[in-house]
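**Student:** What follows is input-v3.txt, compact mmCIF, C-alpha atoms.
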# COMPACT_ATOMS: atom_id res chain seq x y z
CA LEU V 1 -22.76 -48.27 15.38
CA ARG V 2 -25.95 -49.56 13.83
CA VAL V 3 -25.83 -51.50 10.57
CA THR V 4 -27.94 -49.92 7.82
CA LYS V 5 -28.22 -50.44 4.08
CA ASN V 6 -25.31 -48.01 3.68
CA HIS V 7 -23.07 -50.69 5.22
CA ALA V 8 -24.66 -53.68 3.49
CA LEU V 9 -23.37 -55.78 0.62
CA SER V 10 -25.08 -55.19 -2.70
CA GLN V 11 -25.34 -57.15 -5.92
CA SER V 12 -22.33 -55.23 -7.28
CA SER V 13 -20.09 -55.43 -4.20
CA ASN V 14 -16.52 -56.64 -4.55
CA VAL V 15 -15.92 -58.67 -1.41
CA PRO V 16 -12.38 -58.22 -0.04
CA ARG V 17 -9.98 -61.11 -0.65
CA VAL V 18 -7.05 -62.43 1.34
CA LYS V 19 -4.58 -65.27 0.79
CA PHE V 20 -4.80 -68.40 2.94
CA THR V 21 -1.08 -68.64 3.77
CA GLU V 22 -0.78 -64.93 4.48
CA VAL V 23 -3.69 -64.96 6.94
CA ARG V 24 -2.11 -67.90 8.76
CA GLU V 25 1.38 -66.38 8.89
CA ASP V 26 1.06 -62.58 8.82
CA SER V 27 -0.76 -60.54 11.48
CA ASP V 28 -1.53 -57.69 9.06
CA SER V 29 -3.29 -60.10 6.69
CA LEU V 30 -5.19 -61.60 9.62
CA PHE V 31 -6.24 -58.10 10.60
CA LEU V 32 -7.50 -57.44 7.05
CA ALA V 33 -9.58 -60.62 7.26
CA TYR V 34 -11.11 -59.49 10.56
CA GLU V 35 -11.69 -56.00 9.18
CA SER V 36 -13.63 -57.38 6.23
CA ILE V 37 -15.69 -59.76 8.40
CA PHE V 38 -16.67 -57.12 10.92
CA LYS V 39 -17.16 -54.29 8.43
CA TYR V 40 -18.85 -56.08 5.53
CA GLY V 41 -19.89 -59.34 7.19
CA VAL V 42 -17.78 -61.51 4.88
CA VAL V 43 -14.33 -62.21 3.46
CA LEU V 44 -13.10 -64.46 0.63
CA VAL V 45 -9.93 -66.49 1.25
CA GLU V 46 -7.99 -67.56 -1.84
CA ASP V 47 -5.47 -70.33 -2.55
CA CYS V 48 -6.68 -72.69 0.17
CA PRO V 49 -5.59 -76.34 0.24
CA ARG V 50 -8.69 -78.29 -0.80
CA ASP V 51 -9.03 -80.47 2.28
CA VAL V 52 -10.57 -80.26 5.73
CA SER V 53 -7.29 -79.28 7.37
CA SER V 54 -7.45 -75.83 5.78
CA VAL V 55 -10.93 -75.23 7.21
CA ALA V 56 -9.81 -76.28 10.68
CA GLY V 57 -6.63 -74.23 10.36
CA MET V 58 -8.46 -71.09 9.32
CA GLY V 59 -11.06 -71.50 12.06
CA ASN V 60 -8.31 -71.85 14.63
CA ALA V 61 -6.48 -68.82 13.22
CA LEU V 62 -9.59 -66.66 13.51
CA ALA V 63 -11.12 -67.92 16.76
CA GLY V 64 -8.71 -70.29 18.49
CA ASN V 65 -11.03 -73.27 18.05
CA LEU V 66 -14.11 -74.53 16.18
CA SER V 67 -17.57 -74.65 17.75
CA HIS V 68 -21.12 -76.06 17.48
CA GLY V 69 -19.97 -79.49 16.38
CA SER V 70 -22.38 -81.72 18.33
CA LEU V 71 -24.94 -82.20 15.52
CA TYR V 72 -22.89 -82.22 12.32
CA GLY V 73 -19.32 -82.57 13.57
CA ASP V 74 -16.64 -79.93 13.98
CA LEU V 75 -16.06 -80.24 10.21
CA PHE V 76 -18.99 -81.02 7.92
CA HIS V 77 -19.36 -81.76 4.22
CA VAL V 78 -22.05 -80.37 1.90
CA LYS V 79 -22.57 -82.72 -1.04
CA TYR V 80 -25.47 -83.89 -3.13
CA VAL V 81 -27.11 -86.99 -1.63
CA PRO V 82 -30.01 -88.68 -3.46
CA ASP V 83 -33.26 -88.63 -1.45
CA ALA V 84 -31.67 -86.44 1.23
CA HIS V 85 -33.83 -85.33 4.17
CA ASN V 86 -31.84 -82.10 4.66
CA LEU V 87 -32.24 -79.54 1.85
CA ALA V 88 -28.54 -78.68 2.08
CA TYR V 89 -27.71 -82.11 0.67
CA THR V 90 -30.03 -81.77 -2.33
CA SER V 91 -29.35 -79.84 -5.53
CA LYS V 92 -32.24 -77.45 -4.88
CA ARG V 93 -32.07 -73.76 -4.24
CA LEU V 94 -31.62 -72.78 -0.58
CA GLU V 95 -33.45 -69.65 0.52
CA PRO V 96 -31.58 -67.12 2.70
CA HIS V 97 -31.23 -68.41 6.23
CA GLN V 98 -29.11 -68.51 9.35
CA ASP V 99 -27.60 -71.78 10.54
CA LEU V 100 -28.46 -73.31 13.93
CA ALA V 101 -30.99 -70.65 14.95
CA TYR V 102 -32.43 -73.21 17.40
CA TYR V 103 -29.32 -72.79 19.60
CA GLU V 104 -29.45 -70.30 22.47
CA SER V 105 -26.27 -68.86 20.94
CA PRO V 106 -26.00 -69.68 17.21
CA PRO V 107 -22.57 -69.84 15.54
CA GLY V 108 -20.74 -66.60 14.98
CA LEU V 109 -18.62 -67.31 11.91
CA GLN V 110 -19.29 -69.90 9.24
CA LEU V 111 -16.50 -71.13 6.98
CA LEU V 112 -17.24 -72.82 3.64
CA LEU V 113 -14.38 -74.16 1.51
CA CYS V 114 -15.03 -75.10 -2.11
CA CYS V 115 -13.29 -78.44 -2.67
CA GLN V 116 -15.11 -79.20 -5.94
CA SER V 117 -17.14 -76.55 -7.73
CA GLY V 118 -19.49 -78.64 -9.88
CA HIS V 119 -21.80 -76.65 -12.16
CA GLY V 120 -24.00 -73.90 -10.70
CA GLY V 121 -24.90 -73.56 -7.04
CA ALA V 122 -23.81 -69.94 -6.59
CA SER V 123 -23.65 -68.78 -2.97
CA THR V 124 -25.83 -65.84 -1.91
CA LEU V 125 -25.60 -63.43 1.02
CA ILE V 126 -27.82 -60.63 2.28
CA ASP V 127 -27.35 -58.46 5.37
CA ALA V 128 -30.19 -59.42 7.72
CA VAL V 129 -29.56 -56.62 10.22
CA ALA V 130 -29.53 -53.90 7.56
CA ALA V 131 -32.72 -55.34 6.04
CA ALA V 132 -34.43 -55.28 9.44
CA HIS V 133 -33.60 -51.60 9.88
CA GLU V 134 -34.93 -50.89 6.39
CA LEU V 135 -38.16 -52.77 7.14
CA ARG V 136 -38.70 -50.37 10.03
CA GLU V 137 -38.36 -47.44 7.61
CA PHE V 138 -40.86 -48.97 5.18
CA CYS V 139 -43.41 -50.42 7.63
CA PRO V 140 -42.89 -49.82 11.37
CA GLU V 141 -45.83 -52.06 12.26
CA TYR V 142 -44.23 -55.09 10.54
CA PHE V 143 -40.94 -54.37 12.27
CA SER V 144 -42.71 -54.14 15.62
CA SER V 145 -44.40 -57.53 15.14
CA LEU V 146 -41.14 -59.32 14.32
CA SER V 147 -39.45 -57.61 17.28
CA ARG V 148 -42.16 -58.62 19.74
CA ILE V 149 -43.82 -61.93 18.79
CA PRO V 150 -41.68 -65.01 19.53
CA ALA V 151 -40.99 -67.47 16.70
CA THR V 152 -40.22 -71.13 17.37
CA PHE V 153 -36.93 -72.56 16.09
CA VAL V 154 -36.78 -76.36 16.06
CA LYS V 155 -34.35 -79.19 15.31
CA GLN V 156 -35.82 -82.63 15.99
CA ARG V 157 -34.46 -85.88 14.57
CA ASP V 158 -32.45 -88.85 15.77
CA ALA V 159 -30.04 -87.58 18.45
CA ALA V 160 -31.47 -84.04 18.28
CA ASP V 161 -34.31 -82.37 20.19
CA MET V 162 -33.73 -78.63 20.29
CA VAL V 163 -36.38 -75.92 20.57
CA TYR V 164 -35.79 -72.21 21.18
CA ARG V 165 -38.39 -69.41 21.16
CA ARG V 166 -37.58 -65.75 20.57
CA PRO V 167 -38.61 -62.88 18.26
CA HIS V 168 -36.87 -62.67 14.90
CA PHE V 169 -35.41 -59.25 15.76
CA ASP V 170 -33.62 -58.42 19.00
CA VAL V 171 -33.87 -54.66 19.61
CA HIS V 172 -32.10 -52.70 22.33
CA GLN V 173 -32.17 -48.92 22.71
CA ASP V 174 -33.78 -48.59 19.27
CA GLU V 175 -31.03 -50.61 17.57
CA VAL V 176 -31.37 -54.03 15.96
CA THR V 177 -28.77 -56.02 17.84
CA ALA V 178 -29.50 -59.47 16.40
CA VAL V 179 -31.64 -61.24 13.78
CA PHE V 180 -32.77 -64.89 13.93
CA TRP V 181 -34.11 -66.30 10.66
CA SER V 182 -34.18 -69.92 9.53
CA PRO V 183 -37.37 -70.91 7.63
CA PRO V 184 -36.49 -74.62 7.23
CA PHE V 185 -36.23 -74.96 11.00
CA GLU V 186 -39.20 -72.95 12.23
CA GLY V 187 -42.11 -74.59 14.02
CA PRO V 188 -45.60 -73.39 14.97
CA LEU V 189 -46.20 -70.28 17.02
CA LEU V 190 -46.76 -71.13 20.68
CA ASP V 191 -48.66 -69.33 23.45
CA ILE V 192 -49.30 -66.06 21.65
CA GLU V 193 -52.39 -63.84 21.62
CA ASP V 194 -54.94 -64.55 18.87
CA GLU V 195 -54.71 -61.01 17.52
CA ASP V 196 -50.96 -61.46 17.00
CA ILE V 197 -51.25 -64.42 14.64
CA ASP V 198 -52.17 -62.45 11.52
CA LYS V 199 -49.80 -59.64 12.49
CA TYR V 200 -46.94 -62.12 12.68
CA TYR V 201 -47.57 -63.85 9.36
CA ILE V 202 -48.11 -60.59 7.46
CA ALA V 203 -44.85 -59.19 8.84
CA TYR V 204 -43.09 -62.51 8.14
CA ALA V 205 -44.21 -62.39 4.49
CA ALA V 206 -42.98 -58.80 4.20
CA TYR V 207 -39.50 -59.52 5.57
CA THR V 208 -39.27 -62.65 3.41
CA ARG V 209 -39.74 -60.44 0.36
CA MET V 210 -37.05 -58.05 1.64
CA ILE V 211 -34.39 -60.74 1.92
CA ASP V 212 -35.38 -63.10 -0.93
CA PHE V 213 -36.37 -61.68 -4.31
CA GLU V 214 -36.89 -65.22 -5.63
CA SER V 215 -39.26 -66.27 -2.86
CA SER V 216 -42.16 -68.47 -3.93
CA GLN V 217 -44.13 -67.64 -0.77
CA ASP V 218 -47.54 -66.10 -1.41
CA VAL V 219 -47.56 -62.39 -0.66
CA HIS V 220 -50.19 -61.64 1.94
CA HIS V 221 -53.21 -59.70 0.68
CA ALA V 222 -52.69 -57.16 3.47
CA ILE V 223 -49.37 -56.00 2.00
CA SER V 224 -49.84 -53.14 -0.43
CA LYS V 225 -48.55 -53.39 -3.98
CA GLU V 226 -46.29 -50.40 -3.30
CA ASN V 227 -44.71 -52.16 -0.33
CA GLN V 228 -44.32 -55.40 -2.27
CA GLU V 229 -42.42 -53.55 -4.97
CA GLN V 230 -40.24 -51.80 -2.37
CA PHE V 231 -39.41 -55.08 -0.64
CA GLU V 232 -38.58 -56.96 -3.84
CA ALA V 233 -36.44 -54.11 -5.17
CA TYR V 234 -34.50 -54.02 -1.91
CA ALA V 235 -33.88 -57.77 -2.00
CA ARG V 236 -32.69 -57.63 -5.59
CA ASP V 237 -30.37 -54.68 -4.99
CA TYR V 238 -28.82 -56.00 -1.77
CA THR V 239 -28.35 -59.70 -2.54
CA TRP V 240 -24.74 -60.61 -3.29
CA GLN V 241 -24.20 -63.72 -5.40
CA TYR V 242 -20.98 -65.54 -6.25
CA GLU V 243 -20.06 -68.98 -7.55
CA LEU V 244 -17.18 -70.23 -5.43
CA GLN V 245 -14.17 -71.61 -7.27
CA GLU V 246 -12.11 -74.56 -6.07
CA GLY V 247 -9.66 -73.48 -3.38
CA GLU V 248 -11.76 -70.48 -2.30
CA MET V 249 -13.20 -70.22 1.21
CA LEU V 250 -16.16 -68.01 2.06
CA ILE V 251 -16.19 -66.82 5.68
CA PHE V 252 -19.16 -64.82 6.91
CA ASN V 253 -20.82 -63.59 10.08
CA ASN V 254 -23.71 -66.02 10.62
CA ARG V 255 -25.26 -63.62 13.16
CA ARG V 256 -25.52 -60.78 10.63
CA MET V 257 -25.64 -62.37 7.17
CA LEU V 258 -28.25 -64.74 5.76
CA HIS V 259 -26.77 -67.20 3.29
CA GLY V 260 -28.32 -69.28 0.55
CA ARG V 261 -27.53 -71.18 -2.62
CA GLN V 262 -28.80 -71.33 -6.17
CA ALA V 263 -29.81 -74.70 -7.59
CA PHE V 264 -27.20 -76.78 -9.42
CA ASP V 265 -27.04 -79.79 -11.71
CA PRO V 266 -25.69 -82.81 -9.78
CA LEU V 267 -25.08 -84.67 -13.05
CA ALA V 268 -22.76 -81.98 -14.41
CA GLY V 269 -20.01 -82.61 -11.87
CA GLU V 270 -19.73 -83.08 -8.12
CA ARG V 271 -20.14 -80.03 -5.92
CA HIS V 272 -18.39 -80.42 -2.56
CA LEU V 273 -18.06 -77.82 0.16
CA CYS V 274 -16.40 -78.40 3.53
CA GLY V 275 -17.57 -76.23 6.42
CA ALA V 276 -17.16 -75.36 10.07
CA TYR V 277 -18.34 -72.87 12.68
CA THR V 278 -16.71 -70.71 15.33
CA ASN V 279 -18.14 -68.51 18.04
CA LEU V 280 -18.14 -64.74 17.54
CA ASP V 281 -16.76 -63.58 20.87
CA ASP V 282 -13.18 -64.73 20.37
CA PRO V 283 -12.72 -63.34 16.83
CA LEU V 284 -14.33 -60.07 17.93
CA ASN V 285 -12.04 -59.81 20.95
CA ARG V 286 -8.95 -60.46 18.83
CA TYR V 287 -10.08 -57.93 16.22
CA LYS V 288 -10.69 -55.20 18.82
CA VAL V 289 -7.30 -55.83 20.44
CA MET V 290 -5.58 -55.62 17.05
CA ARG V 291 -7.42 -52.36 16.30
CA ARG V 292 -6.25 -50.91 19.58
CA GLU V 293 -2.65 -51.99 18.89
CA ARG V 294 -2.84 -50.22 15.52
CA GLY V 295 -4.15 -46.99 17.03
CA PHE V 296 -7.79 -47.31 15.97
CA HIS V 297 -10.25 -46.14 18.62
CA SER V 298 -13.40 -45.38 16.63
CA PRO V 299 -16.58 -47.41 17.26
CA ILE V 300 -17.20 -50.47 15.09
CA LEU V 301 -20.42 -51.72 13.53
CA ASN V 302 -22.80 -53.84 15.57
CA VAL V 303 -21.86 -57.46 14.89
CA GLY V 304 -25.17 -59.14 15.72
CA ILE V 305 -24.54 -60.68 19.14
CA GLY V 306 -27.31 -59.01 21.05
CA SER V 307 -25.58 -56.03 22.65
CA ALA V 308 -26.02 -52.43 21.56
CA GLY V 309 -23.59 -51.21 24.16
CA TYR V 310 -20.05 -50.01 23.65
CA HIS V 311 -18.40 -51.52 20.58
CA GLY V 312 -15.32 -49.31 20.44
CA GLY V 313 -11.76 -50.41 19.94
CA SER V 314 -10.18 -49.14 23.16
I'd like the structure from this file rewritten - as structure tokens, please.
**Tutor:**
Amino acid sequence: LRVTKNHALSQSSNVPRVKFTEVREDSDSLFLAYESIFKYGVVLVEDCPRDVSSVAGMGNALAGNLSHGSLYGDLFHVKYVPDAHNLAYTSKRLEPHQDLAYYESPPGLQLLLCCQSGHGGASTLIDAVAAAHELREFCPEYFSSLSRIPATFVKQRDAADMVYRRPHFDVHQDEVTAVFWSPPFEGPLLDIEDEDIDKYYIAYAAYTRMIDFESSQDVHHAISKENQEQFEAYARDYTWQYELQEGEMLIFNNRRMLHGRQAFDPLAGERHLCGAYTNLDDPLNRYKVMRRERGFHSPILNVGIGSAGYHGGS
């Protein structure tokens, strides 16, 4: 089933919550966690031990193992670092993005445990797949450009040289099956037709407005005022924002949801998150098996892994 705005989080959504110990020890609670992740794109886990072992334990419970640890480690820490080169380690606002979009297969789930909450720095989420479908309703030509023209995703630093080119939207049989969006790690367009350059950047500006109502990017002159207002209203209505409390873990589908962060004051108290990634195939397989065991055979929502084929539970 395709993901539309009717399935997306909104600013007023109450994200389902589960208890850490119950998810680890009770199959019905684990099923509820899967159900929330694959229906809404996210789940909040409460009463977590505030150390890295709880992140590893939850990742193993959901997927069997952690993944994508070669650049930042299987478990990584997000803290304020003076003069940091990576925006994640500053106190600045982070615009909505997907992690590790320069991988051929980016992480499926991302886990973020709040060890110390600090002051400010609310987490944000918006459904990238639903927003892509809505862009097609508003402006089919912008949707077509982002589905056709390849972007360049780049990670280059000491011990890293990764480049991957693909369109922002993967479309199969008229369904958006994946979105790839990571502005801090996007390089120049390569080997595209001259007439596509303006088309790409106009469409890029439009989608940016749809997923980030606080964007400081200049709105292209070719975008009508009516469309600008539509895009900004959508972003405002469908951005979920929440300030994590200590002992809470946010788990979301990195292939469907774009995540961000509001700015915070590093002098008002330390803010420390511990994170990890898993693939999406193993949690999805476990979820579908558990659905089948519980007698559910209806199709499930597309989960953002590039296949619009059969997603049922049998």
**Student:** Have a look at atom CA of V:Ile251 and atom CA of V:Leu44 and let me know their distance in Å, one decimal.
**Tutor:**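 Going from atom CA of V:Ile251 over to atom CA of V:Leu44 covers 6.4 Å.
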**Student:** Which residues, written as a PDB file with C-alpha atoms, in the coordinates of the input, have at least one atom at most 9 Å from stretch 2-18 of chain V, with only C-alpha atoms counted and residues fewer than 3 positions away on the same chain left out?
**Tutor:**
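After the write, result-v3.pdb holds the following:
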ATOM      1  CA  THR V  21      -1.080 -68.640   3.770  1.00  0.00           C
ATOM      2  CA  GLU V  22      -0.780 -64.930   4.480  1.00  0.00           C
ATOM      3  CA  VAL V  23      -3.690 -64.960   6.940  1.00  0.00           C
ATOM      4  CA  SER V  29      -3.290 -60.100   6.690  1.00  0.00           C
ATOM      5  CA  LEU V  30      -5.190 -61.600   9.620  1.00  0.00           C
ATOM      6  CA  LEU V  32      -7.500 -57.440   7.050  1.00  0.00           C
ATOM      7  CA  ALA V  33      -9.580 -60.620   7.260  1.00  0.00           C
ATOM      8  CA  SER V  36     -13.630 -57.380   6.230  1.00  0.00           C
ATOM      9  CA  LYS V  39     -17.160 -54.290   8.430  1.00  0.00           C
ATOM     10  CA  TYR V  40     -18.850 -56.080   5.530  1.00  0.00           C
ATOM     11  CA  GLY V  41     -19.890 -59.340   7.190  1.00  0.00           C
ATOM     12  CA  VAL V  42     -17.780 -61.510   4.880  1.00  0.00           C
ATOM     13  CA  VAL V  43     -14.330 -62.210   3.460  1.00  0.00           C
ATOM     14  CA  LEU V  44     -13.100 -64.460   0.630  1.00  0.00           C
ATOM     15  CA  VAL V  45      -9.930 -66.490   1.250  1.00  0.00           C
ATOM     16  CA  GLU V  46      -7.990 -67.560  -1.840  1.00  0.00           C
ATOM     17  CA  ASP V  47      -5.470 -70.330  -2.550  1.00  0.00           C
ATOM     18  CA  LEU V 125     -25.600 -63.430   1.020  1.00  0.00           C
ATOM     19  CA  ILE V 126     -27.820 -60.630   2.280  1.00  0.00           C
ATOM     20  CA  ASP V 127     -27.350 -58.460   5.370  1.00  0.00           C
ATOM     21  CA  VAL V 129     -29.560 -56.620  10.220  1.00  0.00           C
ATOM     22  CA  ALA V 130     -29.530 -53.900   7.560  1.00  0.00           C
ATOM     23  CA  ALA V 131     -32.720 -55.340   6.040  1.00  0.00           C
ATOM     24  CA  ALA V 132     -34.430 -55.280   9.440  1.00  0.00           C
ATOM     25  CA  HIS V 133     -33.600 -51.600   9.880  1.00  0.00           C
ATOM     26  CA  GLU V 134     -34.930 -50.890   6.390  1.00  0.00           C
ATOM     27  CA  GLU V 175     -31.030 -50.610  17.570  1.00  0.00           C
ATOM     28  CA  VAL V 176     -31.370 -54.030  15.960  1.00  0.00           C
ATOM     29  CA  THR V 177     -28.770 -56.020  17.840  1.00  0.00           C
ATOM     30  CA  ARG V 236     -32.690 -57.630  -5.590  1.00  0.00           C
ATOM     31  CA  ASP V 237     -30.370 -54.680  -4.990  1.00  0.00           C
ATOM     32  CA  TYR V 238     -28.820 -56.000  -1.770  1.00  0.00           C
ATOM     33  CA  THR V 239     -28.350 -59.700  -2.540  1.00  0.00           C
ATOM     34  CA  TRP V 240     -24.740 -60.610  -3.290  1.00  0.00           C
ATOM     35  CA  GLN V 241     -24.200 -63.720  -5.400  1.00  0.00           C
ATOM     36  CA  ILE V 300     -17.200 -50.470  15.090  1.00  0.00           C
ATOM     37  CA  LEU V 301     -20.420 -51.720  13.530  1.00  0.00           C
ATOM     38  CA  ASN V 302     -22.800 -53.840  15.570  1.00  0.00           C
ATOM     39  CA  VAL V 303     -21.860 -57.460  14.890  1.00  0.00           C
ATOM     40  CA  ALA V 308     -26.020 -52.430  21.560  1.00  0.00           C
TER      41      ALA V 308
END
**Student:** Just give me the gap between atom CA of V:Leu250 and atom CA of V:Asp26 in Å, one decimal is fine.
**Tutor:**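 If I compute the distance from atom CA of V:Leu250 to atom CA of V:Asp26, I get 19.3 Å.
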**Student:** Looking at V:Ser67, V:Ser54, V:Gln262, V:Ser145, which one is nearest to V:Leu244, with distances taken over all atoms listed in the file?
**Tutor:**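 Closest to V:Leu244 of all the choices is V:Gln262.
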**Student:** Need the axis-aligned box for stretch 295-306 of chain V with 4 Å each side, so what are the centre and edges in Å to one decimal, as JSON?
**Tutor:**
{"center_x": -15.7, "center_y": -53.0, "center_z": 17.3, "size_x": 31.2, "size_y": 23.3, "size_z": 15.5}
**Student:** May I have the residues at most 9 Å from (-32.0, -64.4, 4.9) in the file's coordinates, counting only C-alpha atoms, as a list of chain:residue names?
**Tutor:**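 Returned residue set, sorted by chain then number, is V:Glu95, V:Pro96, V:His97, V:Gln98, V:Leu125, V:Ile126, V:Asp127, V:Ala128, V:Trp181, V:Ser182, V:Pro183, V:Tyr207, V:Thr208, V:Met210, V:Ile211, V:Asp212, V:Met257, V:Leu258, V:His259, V:Gly260.
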**Student:** Restricting the calculation to all atoms listed in the file: of V:Ser117, V:Ser70, V:Ser144, V:Gln230, which residue gets closest to V:Ala159?
**Tutor:**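 Ranked by minimum distance to V:Ala159, first place goes to V:Ser70.
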**Student:** In Å, rounded to a single decimal, give me how far atom CA of V:Tyr102 is from atom CA of V:Met58.
**Tutor:**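 Separation between atom CA of V:Met58 and atom CA of V:Tyr102: 25.4 Å.
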**Student:** Of the candidates V:Gly108, V:His272, V:Val289, V:Phe231, which shows the shortest atom-to-atom distance to V:Glu137, using all atoms listed in the file?
**Tutor:**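 Closest to V:Glu137 of all the choices is V:Phe231.
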**Student:** Extract, using only C-alpha atoms, all DNA, RNA and protein residues at most 9 Å from V:Tyr164, discarding same-chain residues fewer than 6 positions from it, and format them as an NGL selection string.
**Tutor:** :V and (101-104 or 151-154)
**Student:** Kindly indicate which residue among V:Arg256, V:His68, V:Lys155, V:Lys199 lies nearest to V:Asn279, using all atoms listed in the file for the distances.
**Tutor:**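 Under the stated criterion, the closest residue is V:His68.
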**Student:** Some atoms are absent from stretch 189-196 of chain V, so rebuild all heavy atoms and return them as a compact mmCIF listing (two decimals), in the coordinates of the input.
**Tutor:**
# COMPACT_ATOMS: atom_id res chain seq x y z
N LEU V 189 -46.18 -71.27 15.96
CA LEU V 189 -46.20 -70.28 17.02
C LEU V 189 -46.83 -70.88 18.26
O LEU V 189 -47.80 -71.65 18.19
CB LEU V 189 -47.01 -69.05 16.58
CG LEU V 189 -46.50 -68.30 15.35
CD1 LEU V 189 -47.42 -67.12 15.04
CD2 LEU V 189 -45.08 -67.82 15.55
N LEU V 190 -46.30 -70.53 19.43
CA LEU V 190 -46.76 -71.13 20.68
C LEU V 190 -47.11 -70.03 21.69
O LEU V 190 -46.36 -69.05 21.85
CB LEU V 190 -45.67 -72.03 21.28
CG LEU V 190 -45.19 -73.19 20.42
CD1 LEU V 190 -43.98 -73.86 21.07
CD2 LEU V 190 -46.30 -74.20 20.19
N ASP V 191 -48.27 -70.18 22.33
CA ASP V 191 -48.66 -69.33 23.45
C ASP V 191 -48.61 -67.84 23.11
O ASP V 191 -48.02 -67.03 23.84
CB ASP V 191 -47.74 -69.59 24.67
CG ASP V 191 -47.82 -71.03 25.13
OD1 ASP V 191 -48.91 -71.61 25.06
OD2 ASP V 191 -46.77 -71.58 25.53
N ILE V 192 -49.22 -67.48 21.98
CA ILE V 192 -49.30 -66.06 21.65
C ILE V 192 -50.77 -65.66 21.58
O ILE V 192 -51.67 -66.50 21.44
CB ILE V 192 -48.59 -65.73 20.33
CG1 ILE V 192 -49.33 -66.35 19.14
CG2 ILE V 192 -47.14 -66.16 20.36
CD1 ILE V 192 -48.84 -65.83 17.82
N GLU V 193 -51.03 -64.36 21.68
CA GLU V 193 -52.39 -63.84 21.62
C GLU V 193 -52.97 -64.04 20.22
O GLU V 193 -52.26 -63.93 19.22
CB GLU V 193 -52.41 -62.36 21.98
CG GLU V 193 -51.89 -62.05 23.38
CD GLU V 193 -52.75 -62.67 24.47
OE1 GLU V 193 -53.97 -62.79 24.25
OE2 GLU V 193 -52.20 -63.03 25.52
N ASP V 194 -54.29 -64.30 20.15
CA ASP V 194 -54.94 -64.55 18.87
C ASP V 194 -54.75 -63.39 17.90
O ASP V 194 -54.54 -63.59 16.70
CB ASP V 194 -56.45 -64.79 19.08
CG ASP V 194 -56.74 -66.13 19.75
OD1 ASP V 194 -55.82 -66.98 19.80
OD2 ASP V 194 -57.88 -66.31 20.22
N GLU V 195 -54.82 -62.17 18.41
CA GLU V 195 -54.71 -61.01 17.52
C GLU V 195 -53.31 -60.85 16.94
O GLU V 195 -53.10 -60.08 15.99
CB GLU V 195 -55.12 -59.72 18.25
CG GLU V 195 -54.28 -59.39 19.46
CD GLU V 195 -54.90 -59.92 20.76
OE1 GLU V 195 -55.64 -60.92 20.71
OE2 GLU V 195 -54.63 -59.31 21.81
N ASP V 196 -52.33 -61.56 17.51
CA ASP V 196 -50.96 -61.46 17.00
C ASP V 196 -50.67 -62.42 15.86
O ASP V 196 -49.65 -62.29 15.18
CB ASP V 196 -49.95 -61.72 18.13
CG ASP V 196 -49.77 -60.51 19.03
OD1 ASP V 196 -50.06 -59.39 18.56
OD2 ASP V 196 -49.32 -60.69 20.17
